[in-house]
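*Asks:* Provided herewith: structure.csv, CSV, C-alpha atoms (C1' of nucleotides).
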```
chain,number,residue,atom,x,y,z
A,1,MET,CA,5.0,-5.9,-22.2
A,2,LEU,CA,3.5,-6.7,-18.9
A,3,LYS,CA,0.8,-4.3,-17.6
A,4,GLU,CA,0.9,-2.6,-14.3
A,5,LEU,CA,-0.9,-4.2,-11.3
A,6,ASP,CA,-3.0,-1.7,-9.3
A,7,PRO,CA,-0.6,-1.2,-6.4
A,8,LEU,CA,-3.6,-0.6,-4.1
A,9,LEU,CA,-4.8,-4.1,-4.7
A,10,HIS,CA,-1.5,-5.7,-5.0
A,11,SER,CA,-1.1,-6.1,-1.2
A,12,GLN,CA,-1.9,-9.3,0.5
A,13,LEU,CA,-4.1,-7.8,3.2
A,14,ARG,CA,-6.0,-5.3,1.0
A,15,LEU,CA,-6.5,-7.9,-1.7
A,16,GLY,CA,-7.8,-10.3,1.0
A,17,VAL,CA,-10.2,-7.7,2.3
A,18,MET,CA,-11.5,-7.0,-1.2
A,19,SER,CA,-11.8,-10.7,-1.9
A,20,LEU,CA,-13.9,-11.1,1.2
A,21,LEU,CA,-16.0,-8.1,0.6
A,22,ILE,CA,-16.8,-9.0,-3.0
A,23,SER,CA,-18.8,-12.0,-1.9
A,24,VAL,CA,-20.8,-10.5,1.0
A,25,GLU,CA,-23.3,-7.7,1.4
A,26,SER,CA,-21.2,-6.1,4.1
A,27,ALA,CA,-18.7,-7.2,6.7
A,28,GLU,CA,-17.7,-6.2,10.2
A,29,PHE,CA,-14.2,-5.2,11.2
A,30,THR,CA,-13.8,-8.1,13.6
A,31,TRP,CA,-14.9,-10.6,11.0
A,32,LEU,CA,-12.4,-9.2,8.5
A,33,ARG,CA,-9.8,-9.3,11.1
A,34,GLU,CA,-10.4,-13.0,11.8
A,35,LYS,CA,-10.6,-14.0,8.2
A,36,THR,CA,-7.5,-12.2,7.2
A,37,ASN,CA,-5.7,-13.1,10.4
A,38,SER,CA,-4.3,-9.5,10.6
A,39,SER,CA,-3.6,-7.2,13.4
A,40,ALA,CA,-6.3,-4.6,14.2
A,41,GLY,CA,-3.8,-1.8,13.5
A,42,ASN,CA,-2.8,-3.1,10.2
A,43,LEU,CA,-6.4,-3.8,9.1
A,44,SER,CA,-7.5,-0.3,10.2
A,45,VAL,CA,-4.8,1.4,8.1
A,46,GLN,CA,-5.5,-0.7,5.1
A,47,LEU,CA,-9.2,-0.2,5.3
A,48,ASP,CA,-8.6,3.5,5.3
A,49,LYS,CA,-6.5,3.3,2.2
A,50,LEU,CA,-9.2,1.3,0.4
A,51,SER,CA,-11.8,3.8,1.6
A,52,GLU,CA,-9.8,6.8,0.4
A,53,ALA,CA,-9.5,5.2,-3.0
A,54,GLY,CA,-13.3,4.8,-3.0
A,55,TYR,CA,-13.0,1.0,-3.3
A,56,ILE,CA,-15.0,0.5,-0.1
A,57,ILE,CA,-17.2,2.5,2.2
A,58,ILE,CA,-16.7,2.3,5.9
A,59,ASP,CA,-19.5,2.9,8.3
A,60,LYS,CA,-18.6,3.6,11.9
A,61,SER,CA,-21.5,3.3,14.3
A,62,PHE,CA,-22.1,1.9,17.8
A,63,LYS,CA,-23.7,-1.3,19.0
A,64,GLY,CA,-24.7,0.0,22.4
A,65,LYS,CA,-21.7,2.0,23.3
A,66,LYS,CA,-19.2,-0.4,21.6
A,67,PRO,CA,-17.8,0.8,18.3
A,68,LEU,CA,-19.0,-1.1,15.3
A,69,THR,CA,-17.2,-0.7,12.0
A,70,THR,CA,-18.7,-2.2,8.9
A,71,CYS,CA,-17.4,-2.2,5.4
A,72,LYS,CA,-18.9,-2.6,2.0
A,73,ILE,CA,-17.3,-2.8,-1.4
A,74,THR,CA,-18.4,-0.1,-3.9
A,75,LYS,CA,-19.0,-0.4,-7.6
A,76,HIS,CA,-15.8,1.3,-8.2
A,77,GLY,CA,-14.1,-1.2,-6.0
A,78,ILE,CA,-15.6,-4.2,-7.8
A,79,LYS,CA,-14.5,-2.7,-11.1
A,80,ALA,CA,-10.9,-2.2,-9.8
A,81,PHE,CA,-10.9,-5.7,-8.4
A,82,GLU,CA,-12.0,-7.2,-11.7
A,83,GLU,CA,-9.5,-5.2,-13.6
A,84,TYR,CA,-6.8,-6.3,-11.2
A,85,VAL,CA,-7.7,-10.0,-11.7
A,86,ASN,CA,-7.7,-9.5,-15.5
A,87,THR,CA,-4.3,-7.9,-15.4
A,88,LEU,CA,-3.0,-10.6,-13.1
A,89,LYS,CA,-4.0,-13.3,-15.6
A,90,GLN,CA,-1.3,-11.9,-17.8
A,91,TYR,CA,1.2,-12.8,-15.0
A,92,ILE,CA,-0.1,-16.1,-13.8
A,93,GLY,CA,-1.3,-17.5,-17.2
A,94,LYS,CA,-5.0,-17.8,-17.8
B,1,MET,CA,-9.0,-18.2,6.6
B,2,LEU,CA,-6.9,-16.8,3.8
B,3,LYS,CA,-3.5,-18.5,3.2
B,4,GLU,CA,-0.3,-16.5,3.0
B,5,LEU,CA,1.0,-15.5,-0.4
B,6,ASP,CA,4.7,-16.2,-0.9
B,7,PRO,CA,6.1,-12.6,-0.3
B,8,LEU,CA,9.0,-13.3,-2.7
B,9,LEU,CA,6.6,-13.8,-5.5
B,10,HIS,CA,4.0,-11.2,-4.4
B,11,SER,CA,6.0,-8.4,-6.0
B,12,GLN,CA,5.0,-7.1,-9.4
B,13,LEU,CA,8.5,-7.2,-10.8
B,14,ARG,CA,9.6,-10.5,-9.4
B,15,LEU,CA,6.3,-12.1,-10.4
B,16,GLY,CA,6.7,-10.6,-13.9
B,17,VAL,CA,10.1,-12.1,-14.2
B,18,MET,CA,9.0,-15.5,-13.0
B,19,SER,CA,6.0,-15.3,-15.3
B,20,LEU,CA,8.3,-14.7,-18.3
B,21,LEU,CA,10.9,-17.3,-17.3
B,22,ILE,CA,8.3,-20.0,-16.9
B,23,SER,CA,7.5,-20.0,-20.6
B,24,VAL,CA,11.1,-19.8,-22.0
B,25,GLU,CA,14.2,-21.9,-21.8
B,26,SER,CA,16.2,-19.0,-20.6
B,27,ALA,CA,16.2,-15.2,-20.9
B,28,GLU,CA,18.7,-12.4,-21.1
B,29,PHE,CA,18.8,-9.6,-18.7
B,30,THR,CA,18.1,-7.0,-21.4
B,31,TRP,CA,15.1,-8.9,-22.6
B,32,LEU,CA,13.6,-9.2,-19.1
B,33,ARG,CA,14.2,-5.5,-18.7
B,34,GLU,CA,12.3,-4.7,-21.8
B,35,LYS,CA,9.4,-7.0,-21.1
B,36,THR,CA,9.0,-5.9,-17.5
B,37,ASN,CA,9.7,-2.3,-18.3
B,38,SER,CA,11.9,-2.0,-15.3
B,39,SER,CA,15.0,-0.1,-14.5
B,40,ALA,CA,18.3,-2.1,-14.7
B,41,GLY,CA,19.0,-1.4,-11.0
B,42,ASN,CA,15.7,-2.6,-9.8
B,43,LEU,CA,15.8,-5.7,-12.1
B,44,SER,CA,19.3,-6.5,-10.9
B,45,VAL,CA,18.3,-6.4,-7.2
B,46,GLN,CA,15.1,-8.5,-7.8
B,47,LEU,CA,16.9,-11.1,-9.8
B,48,ASP,CA,19.4,-11.5,-7.0
B,49,LYS,CA,16.6,-12.1,-4.6
B,50,LEU,CA,15.0,-14.7,-6.8
B,51,SER,CA,18.4,-16.3,-7.2
B,52,GLU,CA,19.1,-16.4,-3.5
B,53,ALA,CA,15.8,-18.1,-2.9
B,54,GLY,CA,16.8,-20.7,-5.5
B,55,TYR,CA,13.9,-19.8,-7.8
B,56,ILE,CA,16.2,-19.0,-10.7
B,57,ILE,CA,19.8,-19.4,-11.7
B,58,ILE,CA,21.7,-16.5,-13.0
B,59,ASP,CA,24.5,-17.1,-15.4
B,60,LYS,CA,27.0,-14.2,-15.9
B,61,SER,CA,29.2,-14.6,-18.9
B,62,PHE,CA,30.6,-12.4,-21.7
B,63,LYS,CA,29.5,-12.0,-25.2
B,64,GLY,CA,32.9,-10.8,-26.5
B,65,LYS,CA,33.8,-8.4,-23.8
B,66,LYS,CA,30.3,-7.3,-23.0
B,67,PRO,CA,28.7,-8.8,-19.9
B,68,LEU,CA,25.8,-11.2,-20.7
B,69,THR,CA,23.5,-12.2,-17.9
B,70,THR,CA,21.0,-15.0,-18.6
B,71,CYS,CA,18.4,-16.3,-16.2
B,72,LYS,CA,16.6,-19.6,-16.0
B,73,ILE,CA,13.8,-20.7,-13.7
B,74,THR,CA,14.6,-23.8,-11.5
B,75,LYS,CA,12.3,-26.7,-10.6
B,76,HIS,CA,12.0,-25.1,-7.2
B,77,GLY,CA,11.0,-21.9,-8.8
B,78,ILE,CA,8.4,-23.5,-10.9
B,79,LYS,CA,6.9,-25.2,-7.9
B,80,ALA,CA,6.9,-22.0,-5.9
B,81,PHE,CA,5.2,-20.2,-8.8
B,82,GLU,CA,2.6,-22.8,-9.1
B,83,GLU,CA,1.9,-22.8,-5.4
B,84,TYR,CA,1.6,-19.0,-5.5
B,85,VAL,CA,-0.9,-19.2,-8.3
B,86,ASN,CA,-2.9,-21.8,-6.4
B,87,THR,CA,-3.0,-19.7,-3.3
B,88,LEU,CA,-3.9,-16.6,-5.3
B,89,LYS,CA,-6.9,-18.4,-6.6
B,90,GLN,CA,-8.3,-18.2,-3.0
B,91,TYR,CA,-8.1,-14.5,-3.3
B,92,ILE,CA,-9.3,-13.8,-6.8
B,93,GLY,CA,-11.8,-16.6,-7.0
B,94,LYS,CA,-11.1,-19.5,-9.3
C,1,DC,C1',-17.7,-2.2,44.5
C,2,DT,C1',-13.1,-1.6,42.1
C,3,DA,C1',-9.2,-3.7,39.8
C,4,DT,C1',-8.0,-6.2,35.8
C,5,DT,C1',-8.9,-8.0,31.4
C,6,DT,C1',-11.1,-7.9,27.1
C,7,DT,C1',-13.2,-5.8,23.1
C,8,DG,C1',-13.0,-2.7,19.3
C,9,DG,C1',-10.7,0.0,17.5
C,10,DT,C1',-6.9,4.4,16.1
C,11,DT,C1',-2.5,6.6,15.8
C,12,DT,C1',2.3,6.5,15.4
C,13,DA,C1',6.7,4.5,15.1
C,14,DT,C1',9.6,1.1,12.9
C,15,DA,C1',10.9,-2.5,9.9
C,16,DA,C1',10.9,-4.2,5.4
C,17,DT,C1',10.6,-3.4,0.5
C,18,DA,C1',10.7,-1.4,-3.9
C,19,DT,C1',12.9,1.7,-6.7
C,20,DA,C1',15.8,5.0,-8.6
C,21,DA,C1',20.2,7.5,-8.6
C,22,DA,C1',24.9,7.2,-8.9
C,23,DC,C1',28.5,4.5,-10.4
C,24,DT,C1',31.8,1.1,-13.2
C,25,DA,C1',33.7,-0.6,-17.2
C,26,DA,C1',33.8,-1.6,-21.8
C,27,DT,C1',32.2,-0.2,-26.6
C,28,DT,C1',30.3,2.2,-30.2
C,29,DT,C1',29.7,6.3,-32.6
C,30,DA,C1',30.6,11.1,-34.0
D,1,DT,C1',39.5,11.2,-29.0
D,2,DA,C1',35.5,12.9,-26.8
D,3,DA,C1',30.8,11.8,-26.0
D,4,DA,C1',27.2,8.7,-25.8
D,5,DT,C1',25.5,3.9,-25.3
D,6,DT,C1',25.3,-0.7,-23.4
D,7,DA,C1',25.2,-3.8,-19.6
D,8,DG,C1',25.0,-4.0,-15.7
D,9,DT,C1',26.0,-3.3,-9.9
D,10,DT,C1',25.9,-0.9,-5.6
D,11,DT,C1',23.9,2.2,-2.5
D,12,DA,C1',20.7,5.6,-1.0
D,13,DT,C1',16.0,6.9,-0.6
D,14,DA,C1',11.1,6.8,-0.9
D,15,DT,C1',7.2,3.9,-0.1
D,16,DT,C1',4.8,0.4,2.1
D,17,DA,C1',3.5,-2.9,5.4
D,18,DT,C1',3.2,-4.0,10.0
D,19,DA,C1',3.3,-3.9,14.9
D,20,DA,C1',3.6,-1.4,19.1
D,21,DA,C1',1.6,1.8,22.0
D,22,DC,C1',-2.4,3.9,23.0
D,23,DC,C1',-7.7,5.1,24.1
D,24,DA,C1',-12.4,4.4,25.7
D,25,DA,C1',-16.0,1.4,27.0
D,26,DA,C1',-17.5,-3.0,28.8
D,27,DA,C1',-17.2,-7.3,30.9
D,28,DT,C1',-15.2,-10.2,34.4
D,29,DA,C1',-12.8,-11.6,38.7
D,30,DG,C1',-11.7,-11.0,43.4
```
Could you write out this file's structure as structure tokens?
*Replies:*
Amino acid sequence: MLKELDPLLHSQLRLGVMSLLISVESAEFTWLREKTNSSAGNLSVQLDKLSEAGYIIIDKSFKGKKPLTTCKITKHGIKAFEEYVNTLKQYIGK
Amino acid sequence: MLKELDPLLHSQLRLGVMSLLISVESAEFTWLREKTNSSAGNLSVQLDKLSEAGYIIIDKSFKGKKPLTTCKITKHGIKAFEEYVNTLKQYIGK
DNA sequence: CTATTTTGGTTTATAATATAAACTAATTTA
DNA sequence: TAAATTAGTTTATATTATAAACCAAAATAG
């Protein structure tokens, strides 16, 4: 029987974000937006969900007086991502 | 920039079905239901979607007077599945 | 200057999707 | 012969994804 795929990660945008975050120290909102080619609104919502799950931490600061949002994957997030990938292998074969 | 994941395949149940169908000659509705642990209603709807996309062919016959629904992946379906897997590798790393 | 556009977002409304509930019809089984 | 089971379909609902509308500050154009 096929195992469940973590629904929080089984979303193109959220998976994309996690995929990007896993290979960098931290990333800015604008960079994630460019890389994922998503709308700011959508990205904002999905980042919140990842954050609420403890998969990432979001730091909201200011660069001068402009808002600066940076994201960083957590250990919990890395684990969830790895588990997701493992489960996925059951679906896509190897 | 991350590529788009075929939304028809990026669904746990439909991906599960395709994953099962790719390794068998054909499969019965009831078997797919067991393997995917899905409700009959949900499975029925998702099979129709895969069928409409030309990813599978559904054959509805009778075993005696009981309905017998069997599914088979198409060449187009195999190609779509393989493309999906390739794109996915961009997300999950190798 | 000051009006408009751009940047960097958030909030909220809507569109799309997944899923279950309700239903049909035939078939065992009690 | 009434009740439960099998094998599904159809439809309603809950969930999710996504964009539209919005806000505040800053840069740019006239």
*Asks:* Counting all atoms listed in the file, give me one row per residue of chain A with an atom at most 12 Å from an atom of chain D, showing the shortest contact pair and its distance in Å to one decimal, sorted by chain then residue number, as CSV.
*Replies:*
```
residue,atom,partner,partner_atom,distance
A:Pro7,CA,D:DT16,C1',10.2
A:Leu8,CA,D:DT16,C1',10.5
A:His10,CA,D:DT16,C1',11.3
A:Ser11,CA,D:DA17,C1',8.7
A:Gln12,CA,D:DA17,C1',9.7
A:Leu13,CA,D:DA17,C1',9.3
A:Arg14,CA,D:DA17,C1',10.7
A:Ser38,CA,D:DT18,C1',9.3
A:Ser39,CA,D:DA19,C1',7.8
A:Ala40,CA,D:DA19,C1',9.7
A:Gly41,CA,D:DA19,C1',7.5
A:Asn42,CA,D:DT18,C1',6.1
A:Leu43,CA,D:DT18,C1',9.6
A:Ser44,CA,D:DT18,C1',11.3
A:Val45,CA,D:DA17,C1',9.7
A:Gln46,CA,D:DA17,C1',9.3
A:Lys49,CA,D:DT16,C1',11.7
A:Phe62,CA,D:DA25,C1',11.0
A:Lys63,CA,D:DA25,C1',11.4
A:Gly64,CA,D:DA25,C1',9.9
A:Lys65,CA,D:DA25,C1',6.8
A:Lys66,CA,D:DA25,C1',6.5
A:Pro67,CA,D:DA25,C1',8.9
```
*Asks:* As an exercise, work out the distance from atom CA of B:Asn86 to atom CA of A:Val85 in Å and give it to one decimal place.
*Replies:*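 About the pair atom CA of B:Asn86 and atom CA of A:Val85: they are 13.8 Å apart.
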*Asks:* Quick one: contact table of chain C to chain B, 12 Å max, nearest atom pair and distance in Å to one decimal per residue, counting only C-alpha atoms (C1' of nucleotides), chain and number order, as CSV?
*Replies:*
```
residue,atom,partner,partner_atom,distance
C:DA16,C1',B:Pro7,CA,11.2
C:DT17,C1',B:Ser11,CA,9.4
C:DA18,C1',B:Asn42,CA,7.8
C:DT19,C1',B:Asn42,CA,6.0
C:DA20,C1',B:Gly41,CA,7.5
C:DA21,C1',B:Gly41,CA,9.3
C:DA22,C1',B:Gly41,CA,10.6
C:DC23,C1',B:Gly41,CA,11.2
C:DA25,C1',B:Lys66,CA,9.5
C:DA26,C1',B:Lys66,CA,6.8
C:DT27,C1',B:Lys66,CA,8.2
C:DT28,C1',B:Lys66,CA,11.9
```
*Asks:* Based on the selection just made, write C-alpha atoms (C1' of nucleotides) of those residues as a short mmCIF file (atom, residue, chain, number, x, y, z; two decimals), in the frame of the given file.
*Replies:*
```cif
data_model
loop_
_atom_site.label_atom_id
_atom_site.label_comp_id
_atom_site.auth_asym_id
_atom_site.auth_seq_id
_atom_site.Cartn_x
_atom_site.Cartn_y
_atom_site.Cartn_z
"C1'" DA C 16 10.90 -4.20 5.40
"C1'" DT C 17 10.60 -3.40 0.50
"C1'" DA C 18 10.70 -1.40 -3.90
"C1'" DT C 19 12.90 1.70 -6.70
"C1'" DA C 20 15.80 5.00 -8.60
"C1'" DA C 21 20.20 7.50 -8.60
"C1'" DA C 22 24.90 7.20 -8.90
"C1'" DC C 23 28.50 4.50 -10.40
"C1'" DA C 25 33.70 -0.60 -17.20
"C1'" DA C 26 33.80 -1.60 -21.80
"C1'" DT C 27 32.20 -0.20 -26.60
"C1'" DT C 28 30.30 2.20 -30.20
#
```
*Asks:* Residues near A:Val17, anyone? I mean within 10 Å using only C-alpha atoms (C1' of nucleotides), not counting same-chain ones fewer than 5 positions away, as a list in words.
*Replies:*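 So, after excluding close chain neighbours, the residues are Leu9, Ser11, Gln12, Ile22, Ala27, Leu32, Arg33, Lys35, Thr36, Leu43, Gln46, Leu47, Leu50, Ile56, Cys71 and Ile73 of chain A; Leu2 and Tyr91 of chain B.
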*Asks:* Once chain B is best-fit onto chain A by all Cα atoms in order, what RMSD in Å is left?
*Replies:* 0.1 Å
*Asks:* Find, counting all atoms listed in the file, the residue in A:Leu68, A:Ile78, A:Ile58, A:Leu15 that gets nearest to chain B.
*Replies:* A:Leu15
*Asks:* May I have the residues within 7 Å of A:Thr70 as a list in words, using only C-alpha atoms (C1' of nucleotides) and disregarding those fewer than 5 positions away in the same chain?
*Replies:*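 Contacts, in chain order: Ser26, Ala27, Glu28, Phe29, Ile58, Asp59 and Lys60 of chain A.
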*Asks:* Check the smallest atom-to-atom distance from each of A:Asp48, A:Glu25, A:Glu34, A:Glu83 to chain B using only C-alpha atoms, then report the winner.
*Replies:*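 Among the listed residues, A:Glu34 lies closest to chain B.
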*Asks:* Pull N, CA and C atoms for stretch 38-61 of chain A from the block and write them as a PDB file, in the first residue's frame.
*Replies:*
```pdb
ATOM      1  N   SER A  38       6.565  32.814  -8.707  1.00  0.00           N
ATOM      2  CA  SER A  38       5.238  32.876  -8.105  1.00  0.00           C
ATOM      3  C   SER A  38       4.841  34.317  -7.833  1.00  0.00           C
ATOM      4  N   SER A  39       3.568  34.526  -7.571  1.00  0.00           N
ATOM      5  CA  SER A  39       3.111  35.855  -7.191  1.00  0.00           C
ATOM      6  C   SER A  39       3.497  36.102  -5.734  1.00  0.00           C
ATOM      7  N   ALA A  40       3.660  37.360  -5.381  1.00  0.00           N
ATOM      8  CA  ALA A  40       4.049  37.697  -4.014  1.00  0.00           C
ATOM      9  C   ALA A  40       2.994  37.207  -3.026  1.00  0.00           C
ATOM     10  N   GLY A  41       1.737  37.375  -3.396  1.00  0.00           N
ATOM     11  CA  GLY A  41       0.652  36.960  -2.515  1.00  0.00           C
ATOM     12  C   GLY A  41       0.686  35.479  -2.216  1.00  0.00           C
ATOM     13  N   ASN A  42       0.777  34.714  -3.267  1.00  0.00           N
ATOM     14  CA  ASN A  42       0.829  33.264  -3.110  1.00  0.00           C
ATOM     15  C   ASN A  42       2.046  32.865  -2.269  1.00  0.00           C
ATOM     16  N   LEU A  43       3.189  33.417  -2.605  1.00  0.00           N
ATOM     17  CA  LEU A  43       4.405  33.073  -1.863  1.00  0.00           C
ATOM     18  C   LEU A  43       4.264  33.408  -0.385  1.00  0.00           C
ATOM     19  N   SER A  44       3.731  34.571  -0.118  1.00  0.00           N
ATOM     20  CA  SER A  44       3.546  35.001   1.269  1.00  0.00           C
ATOM     21  C   SER A  44       2.700  33.995   2.051  1.00  0.00           C
ATOM     22  N   VAL A  45       1.588  33.598   1.452  1.00  0.00           N
ATOM     23  CA  VAL A  45       0.696  32.634   2.104  1.00  0.00           C
ATOM     24  C   VAL A  45       1.402  31.301   2.351  1.00  0.00           C
ATOM     25  N   GLN A  46       2.099  30.823   1.330  1.00  0.00           N
ATOM     26  CA  GLN A  46       2.729  29.503   1.449  1.00  0.00           C
ATOM     27  C   GLN A  46       3.899  29.528   2.438  1.00  0.00           C
ATOM     28  N   LEU A  47       4.628  30.622   2.474  1.00  0.00           N
ATOM     29  CA  LEU A  47       5.705  30.738   3.462  1.00  0.00           C
ATOM     30  C   LEU A  47       5.131  30.683   4.874  1.00  0.00           C
ATOM     31  N   ASP A  48       4.018  31.360   5.070  1.00  0.00           N
ATOM     32  CA  ASP A  48       3.363  31.323   6.382  1.00  0.00           C
ATOM     33  C   ASP A  48       3.014  29.888   6.785  1.00  0.00           C
ATOM     34  N   LYS A  49       2.509  29.137   5.836  1.00  0.00           N
ATOM     35  CA  LYS A  49       2.136  27.757   6.161  1.00  0.00           C
ATOM     36  C   LYS A  49       3.356  26.933   6.552  1.00  0.00           C
ATOM     37  N   LEU A  50       4.433  27.111   5.805  1.00  0.00           N
ATOM     38  CA  LEU A  50       5.664  26.379   6.120  1.00  0.00           C
ATOM     39  C   LEU A  50       6.190  26.795   7.487  1.00  0.00           C
ATOM     40  N   SER A  51       6.048  28.071   7.752  1.00  0.00           N
ATOM     41  CA  SER A  51       6.512  28.595   9.029  1.00  0.00           C
ATOM     42  C   SER A  51       5.674  28.059  10.188  1.00  0.00           C
ATOM     43  N   GLU A  52       4.357  28.049  10.000  1.00  0.00           N
ATOM     44  CA  GLU A  52       3.468  27.541  11.045  1.00  0.00           C
ATOM     45  C   GLU A  52       3.742  26.071  11.366  1.00  0.00           C
ATOM     46  N   ALA A  53       4.188  25.341  10.339  1.00  0.00           N
ATOM     47  CA  ALA A  53       4.504  23.926  10.550  1.00  0.00           C
ATOM     48  C   ALA A  53       5.886  23.742  11.172  1.00  0.00           C
ATOM     49  N   GLY A  54       6.612  24.847  11.290  1.00  0.00           N
ATOM     50  CA  GLY A  54       7.968  24.758  11.835  1.00  0.00           C
ATOM     51  C   GLY A  54       8.985  24.246  10.835  1.00  0.00           C
ATOM     52  N   TYR A  55       8.637  24.283   9.561  1.00  0.00           N
ATOM     53  CA  TYR A  55       9.564  23.812   8.528  1.00  0.00           C
ATOM     54  C   TYR A  55      10.574  24.885   8.155  1.00  0.00           C
ATOM     55  N   ILE A  56      10.205  26.131   8.346  1.00  0.00           N
ATOM     56  CA  ILE A  56      11.126  27.245   8.080  1.00  0.00           C
ATOM     57  C   ILE A  56      10.954  28.300   9.172  1.00  0.00           C
ATOM     58  N   ILE A  57      11.955  29.164   9.283  1.00  0.00           N
ATOM     59  CA  ILE A  57      11.741  30.346  10.113  1.00  0.00           C
ATOM     60  C   ILE A  57      11.819  31.575   9.222  1.00  0.00           C
ATOM     61  N   ILE A  58      10.912  32.484   9.486  1.00  0.00           N
ATOM     62  CA  ILE A  58      10.835  33.706   8.692  1.00  0.00           C
ATOM     63  C   ILE A  58      11.294  34.856   9.554  1.00  0.00           C
ATOM     64  N   ASP A  59      12.225  35.621   9.024  1.00  0.00           N
ATOM     65  CA  ASP A  59      12.696  36.785   9.753  1.00  0.00           C
ATOM     66  C   ASP A  59      12.286  38.041   8.997  1.00  0.00           C
ATOM     67  N   LYS A  60      11.488  38.866   9.656  1.00  0.00           N
ATOM     68  CA  LYS A  60      11.047  40.108   9.020  1.00  0.00           C
ATOM     69  C   LYS A  60      11.773  41.285   9.642  1.00  0.00           C
ATOM     70  N   SER A  61      12.598  41.916   8.828  1.00  0.00           N
ATOM     71  CA  SER A  61      13.340  43.060   9.322  1.00  0.00           C
ATOM     72  C   SER A  61      13.196  44.211   8.326  1.00  0.00           C
TER      73      SER A  61
END
```
